[in-house]
Amino acid sequence: MNWITNYVRPRINSIFSRREVPENLWSKCDECGTMLFHRELSGNLNVCTNCGHHMAITPRDRFAGLFDGGIFSEIDVPQPNPDPLHFRDQKKYPDRLRSAQKSTGEKEAMLVATGEIGRTPIVAAAQDFSFMAGSMGMYVGNAIIAAAETAVKLKRPLILFSAAGGARMQEGILSLMQMPRTTVAVQMLREAGLPYIVVLTHPTTGGVTASYAMLGDVHIAEPGALICFAGPRVIEQTIREKLPEGFQRAEYLLEHGMLDRVTPRTEMRDELITITRMLMGLSPVVRGDLPAPAADTAATQSSKKPAKK
């Protein structure tokens with residue numbers, strides 16, 4: 001009787017009362033080690049609420065926080081040859097693509113969309129570092145050209161969020177050819193008199209930095225973002241000298257005149273709205289959802305004095 005009471009009954013109860021607890025409810029900050037609840041973290045755009053460290057964020061989540069109401073329309077991007085060089089290292093290139101598509105749920109390393117921010121129509125493009133390190137291949141080149149052509153057609157500014165480890169080695173010289181192609185796309189915007197704003201996120205390196213990521217009219221970076229062509233470790237090994245602390249980080253580049261702003265992700269939307277409307281020659285955005293008061297009404301109200309009791 002004791003065996004049934006002490007072992008069998010608790011065992012049965014534990015089996016039927018066991019609850020499945022998802023493993024992704026908490027995330028650990030890479031900088032300070034704080035455990036962050038997933039809803040709190042996503043509500044803060046993947047920025048640590050304790051130390052302000054900016055974690056990786058997908059283009060879809062970024063666009064959900066950027067566009068008004070999280071509403072945007074994707075732009076179709078022409079599909080290039082999936083394996084132009086029949087490249088193979090430890091895996092075949094098509095196998096790597098399928099693996100990245102399965103893990104991210106995206107077609108490729110860049111998402112292009114249209115929508116409004118602060119009632120201001122824009123075209124936006126964002127790289128996904130989790131897709132083969134956001135590497136620049138033919139698809140990314142096609143995506144930037146499609147974004148630029150759409151912006152010119154709709155007469156909208158283009159905002160690009162860069163995050164890449166450089167060119168895609170599996171496409172060889174074809175990936176390097178995207179540098180001049182995207183430069184031509186940026187020139188299309190300039191000739192149309194449309195703003196091109198670049199937001200550099202962690203990390204932006206290699207051929208991406210050497211092309212479209214540094215050709216903007218305005219360059220904004222997220223705090224702590226690594227922005228460079230060759231990484232600091234490579235440079236140290238080459239010159240055999242210790243580099244300054246914070247070298248090639250966003251704050252260092254801002255101090256040396258290579259950036260216009262370093263803006264936290266939680267403040268980025270308001271910053272982009274202000275800059276975009278300024279460059280487009282539009283009036284300042286009206287906060288809230290109310291129409292701006294008429295000029296004569298505002299002047300009349302300001303001239304009124306409170307009645308004496």
# chains A, B, ... in the order shown; residues from 1 in each chain; ligands from 1
call {"tool": "residues_around", "arguments": {"residues": "Arg39 in chain A", "least_positions_apart": "5", "cutoff": "10 Å", "atoms": "only C-alpha atoms", "output": "compact mmCIF listing (two decimals) with N, CA and C atoms, in the first residue's frame"}}
result
# COMPACT_ATOMS: atom_id res chain seq x y z
N LEU A 25 10.78 31.48 -24.48
CA LEU A 25 10.09 32.54 -23.75
C LEU A 25 11.07 33.59 -23.22
N TRP A 26 12.33 33.19 -23.06
CA TRP A 26 13.32 34.10 -22.49
C TRP A 26 14.55 34.17 -23.39
N ASN A 44 10.28 46.08 -27.31
CA ASN A 44 11.33 47.10 -27.30
C ASN A 44 12.25 46.97 -28.52
N LEU A 45 11.74 46.32 -29.59
CA LEU A 45 12.46 46.17 -30.86
C LEU A 45 13.81 45.47 -30.68
N ASN A 46 13.83 44.44 -29.84
CA ASN A 46 15.03 43.63 -29.60
C ASN A 46 16.20 44.45 -29.05
call {"tool": "closest_atom_pairs", "arguments": {"of": "range 51-118 of chain A", "to": "range 158-167 of chain A", "cutoff": "12 Å", "atoms": "only C-alpha atoms", "output": "CSV"}}
result
residue,atom,partner,partner_atom,distance
A:Ala56,CA,A:Ala163,CA,9.6
A:Ile57,CA,A:Ala163,CA,10.2
A:Thr58,CA,A:Ala163,CA,10.3
A:Pro59,CA,A:Phe161,CA,8.5
A:Arg60,CA,A:Phe161,CA,11.8
A:Arg62,CA,A:Phe161,CA,9.4
A:Phe63,CA,A:Phe161,CA,10.3
A:Leu66,CA,A:Ile159,CA,10.9
A:Phe67,CA,A:Ile159,CA,11.8
A:Ala109,CA,A:Ala164,CA,8.9
A:Met110,CA,A:Ser162,CA,9.2
A:Leu111,CA,A:Phe161,CA,9.8
A:Val112,CA,A:Leu160,CA,9.0
A:Ala113,CA,A:Leu158,CA,10.0
A:Thr114,CA,A:Leu158,CA,9.4
A:Gly115,CA,A:Leu158,CA,11.0
A:Glu116,CA,A:Ile159,CA,11.6
A:Ile117,CA,A:Ile159,CA,11.0
call {"tool": "select_by_dssp", "arguments": {"residues": "range 52-209 of chain A", "states": "strand (DSSP E or B)", "output": "count of residues only"}}
result
40
call {"tool": "closest_atom_pairs", "arguments": {"of": "range 191-258 of chain A", "to": "range 127-145 of chain A", "cutoff": "10 Å", "atoms": "only C-alpha atoms", "output": "JSON lines"}}
result
{"residue": "A:Thr201", "atom": "CA", "partner": "A:Gln127", "partner_atom": "CA", "distance": 9.5}
{"residue": "A:His202", "atom": "CA", "partner": "A:Phe129", "partner_atom": "CA", "distance": 8.8}
{"residue": "A:Pro203", "atom": "CA", "partner": "A:Phe129", "partner_atom": "CA", "distance": 8.2}
{"residue": "A:Thr204", "atom": "CA", "partner": "A:Gly134", "partner_atom": "CA", "distance": 9.2}
{"residue": "A:Thr205", "atom": "CA", "partner": "A:Ser135", "partner_atom": "CA", "distance": 9.6}
{"residue": "A:Gly206", "atom": "CA", "partner": "A:Ser135", "partner_atom": "CA", "distance": 9.4}
{"residue": "A:Gly207", "atom": "CA", "partner": "A:Met136", "partner_atom": "CA", "distance": 7.9}
{"residue": "A:Val208", "atom": "CA", "partner": "A:Met136", "partner_atom": "CA", "distance": 7.0}
{"residue": "A:Tyr212", "atom": "CA", "partner": "A:Ile144", "partner_atom": "CA", "distance": 8.9}
call {"tool": "atom_distance", "arguments": {"atom1": "CA of Ile227 in chain A", "atom2": "CA of Leu253 in chain A"}}
result
8.2 Å
call {"tool": "select_by_dssp", "arguments": {"residues": "range 34-279 of chain A", "states": "helix (DSSP H, G or I)", "output": "number ranges by chain"}}
result
A: 38-43, 59-66, 68-70, 93-104, 132-134, 138-154, 169-171, 173-176, 178-191, 206-208, 212-214, 232-239, 250-255, 265-279
call {"tool": "write_last_selection", "arguments": {"atoms": "C-alpha atoms", "output": "mmCIF file, in the first residue's frame"}}
result
data_model
loop_
_atom_site.group_PDB
_atom_site.id
_atom_site.type_symbol
_atom_site.label_atom_id
_atom_site.label_comp_id
_atom_site.auth_asym_id
_atom_site.auth_seq_id
_atom_site.Cartn_x
_atom_site.Cartn_y
_atom_site.Cartn_z
ATOM 1 C CA HIS A 38 10.267 37.578 -25.151
ATOM 2 C CA ARG A 39 7.255 39.907 -25.245
ATOM 3 C CA GLU A 40 9.107 42.634 -23.408
ATOM 4 C CA LEU A 41 12.087 42.233 -25.735
ATOM 5 C CA SER A 42 10.062 42.257 -28.967
ATOM 6 C CA GLY A 43 8.042 45.226 -27.708
ATOM 7 C CA PRO A 59 13.577 42.750 -41.581
ATOM 8 C CA ARG A 60 9.919 41.851 -41.021
ATOM 9 C CA ASP A 61 10.063 42.700 -37.334
ATOM 10 C CA ARG A 62 11.927 45.903 -38.173
ATOM 11 C CA PHE A 63 9.308 46.901 -40.736
ATOM 12 C CA ALA A 64 6.505 46.053 -38.317
ATOM 13 C CA GLY A 65 7.902 48.670 -35.937
ATOM 14 C CA LEU A 66 8.801 51.143 -38.685
ATOM 15 C CA ASP A 68 2.454 53.033 -39.651
ATOM 16 C CA GLY A 69 0.399 50.307 -38.003
ATOM 17 C CA GLY A 70 3.018 47.759 -39.066
ATOM 18 C CA TYR A 93 25.305 26.234 -52.954
ATOM 19 C CA PRO A 94 21.613 25.346 -53.608
ATOM 20 C CA ASP A 95 21.660 23.255 -50.431
ATOM 21 C CA ARG A 96 22.967 26.230 -48.449
ATOM 22 C CA LEU A 97 20.232 28.420 -49.905
ATOM 23 C CA ARG A 98 17.520 25.916 -49.006
ATOM 24 C CA SER A 99 18.905 25.606 -45.490
ATOM 25 C CA ALA A 100 18.909 29.392 -45.030
ATOM 26 C CA GLN A 101 15.393 29.670 -46.445
ATOM 27 C CA LYS A 102 14.165 26.992 -44.062
ATOM 28 C CA SER A 103 15.779 28.545 -40.975
ATOM 29 C CA THR A 104 14.700 32.145 -41.714
ATOM 30 C CA MET A 132 23.879 33.576 -44.995
ATOM 31 C CA ALA A 133 25.276 36.555 -43.040
ATOM 32 C CA GLY A 134 23.243 38.947 -45.171
ATOM 33 C CA MET A 138 22.756 38.803 -57.297
ATOM 34 C CA TYR A 139 19.406 38.735 -55.508
ATOM 35 C CA VAL A 140 20.458 41.561 -53.177
ATOM 36 C CA GLY A 141 21.610 43.564 -56.210
ATOM 37 C CA ASN A 142 18.260 42.944 -57.912
ATOM 38 C CA ALA A 143 16.445 43.931 -54.716
ATOM 39 C CA ILE A 144 18.211 47.293 -54.459
ATOM 40 C CA ILE A 145 17.583 48.020 -58.140
ATOM 41 C CA ALA A 146 13.896 47.094 -57.705
ATOM 42 C CA ALA A 147 13.696 49.353 -54.644
ATOM 43 C CA ALA A 148 15.303 52.274 -56.505
ATOM 44 C CA GLU A 149 13.098 51.822 -59.579
ATOM 45 C CA THR A 150 9.977 51.681 -57.401
ATOM 46 C CA ALA A 151 11.057 54.789 -55.510
ATOM 47 C CA VAL A 152 11.621 56.694 -58.780
ATOM 48 C CA LYS A 153 8.312 55.487 -60.211
ATOM 49 C CA LEU A 154 6.323 56.454 -57.091
ATOM 50 C CA MET A 169 31.612 34.027 -52.074
ATOM 51 C CA GLN A 170 29.472 31.283 -53.668
ATOM 52 C CA GLU A 171 28.676 33.663 -56.542
ATOM 53 C CA ILE A 173 32.748 37.752 -59.447
ATOM 54 C CA LEU A 174 28.993 37.961 -60.017
ATOM 55 C CA SER A 175 28.526 39.073 -56.419
ATOM 56 C CA LEU A 176 31.227 41.738 -56.792
ATOM 57 C CA GLN A 178 26.570 44.094 -57.595
ATOM 58 C CA MET A 179 28.748 46.929 -56.285
ATOM 59 C CA PRO A 180 28.620 48.954 -59.544
ATOM 60 C CA ARG A 181 25.026 47.847 -60.222
ATOM 61 C CA THR A 182 23.799 49.211 -56.909
ATOM 62 C CA THR A 183 25.855 52.368 -57.397
ATOM 63 C CA VAL A 184 23.954 52.981 -60.640
ATOM 64 C CA ALA A 185 20.673 52.407 -58.765
ATOM 65 C CA VAL A 186 21.625 55.057 -56.216
ATOM 66 C CA GLN A 187 22.486 57.432 -59.047
ATOM 67 C CA MET A 188 18.962 56.939 -60.417
ATOM 68 C CA LEU A 189 17.600 58.305 -57.152
ATOM 69 C CA ARG A 190 19.945 61.292 -57.266
ATOM 70 C CA GLU A 191 18.942 62.159 -60.818
ATOM 71 C CA GLY A 206 33.044 44.216 -46.809
ATOM 72 C CA GLY A 207 31.769 45.097 -50.263
ATOM 73 C CA VAL A 208 28.481 46.376 -48.870
ATOM 74 C CA TYR A 212 25.595 51.252 -51.486
ATOM 75 C CA ALA A 213 25.915 51.383 -47.683
ATOM 76 C CA MET A 214 28.105 54.509 -47.806
ATOM 77 C CA PRO A 232 39.672 45.088 -36.808
ATOM 78 C CA ARG A 233 41.263 41.681 -36.289
ATOM 79 C CA VAL A 234 42.487 41.590 -39.901
ATOM 80 C CA ILE A 235 43.884 45.107 -39.612
ATOM 81 C CA GLU A 236 45.696 44.333 -36.354
ATOM 82 C CA GLN A 237 47.292 41.253 -37.892
ATOM 83 C CA THR A 238 48.347 43.285 -40.935
ATOM 84 C CA ILE A 239 49.847 46.344 -39.258
ATOM 85 C CA ALA A 250 29.406 53.550 -34.869
ATOM 86 C CA GLU A 251 30.389 56.020 -32.163
ATOM 87 C CA TYR A 252 34.023 56.089 -33.354
ATOM 88 C CA LEU A 253 32.938 56.739 -36.953
ATOM 89 C CA LEU A 254 30.595 59.515 -35.819
ATOM 90 C CA GLU A 255 33.447 61.258 -34.006
ATOM 91 C CA ARG A 265 16.539 51.693 -32.581
ATOM 92 C CA THR A 266 13.641 52.755 -30.376
ATOM 93 C CA GLU A 267 14.071 56.351 -31.586
ATOM 94 C CA MET A 268 14.865 55.507 -35.210
ATOM 95 C CA ARG A 269 11.327 55.783 -36.563
ATOM 96 C CA ASP A 270 10.830 59.359 -35.312
ATOM 97 C CA GLU A 271 14.291 60.316 -36.583
ATOM 98 C CA LEU A 272 13.573 58.922 -40.043
ATOM 99 C CA ILE A 273 10.196 60.640 -40.221
ATOM 100 C CA THR A 274 11.760 64.010 -39.393
ATOM 101 C CA ILE A 275 14.678 63.639 -41.821
ATOM 102 C CA THR A 276 12.557 62.234 -44.645
ATOM 103 C CA ARG A 277 9.982 65.005 -44.476
ATOM 104 C CA MET A 278 12.729 67.608 -44.276
ATOM 105 C CA LEU A 279 14.512 66.268 -47.366
#
call {"tool": "atom_distance", "arguments": {"atom1": "CA of Ile197 in chain A", "atom2": "CA of Val218 in chain A"}}
result
5.0 Å
call {"tool": "atom_distance", "arguments": {"atom1": "CA of Thr49 in chain A", "atom2": "CA of Asp30 in chain A"}}
result
12.5 Å
call {"tool": "closest_residue", "arguments": {"among": "A:Val198, A:Cys51, A:Ala126, A:Met258", "to": "Asp217 in chain A", "atoms": "only C-alpha atoms"}}
result
A:Val198
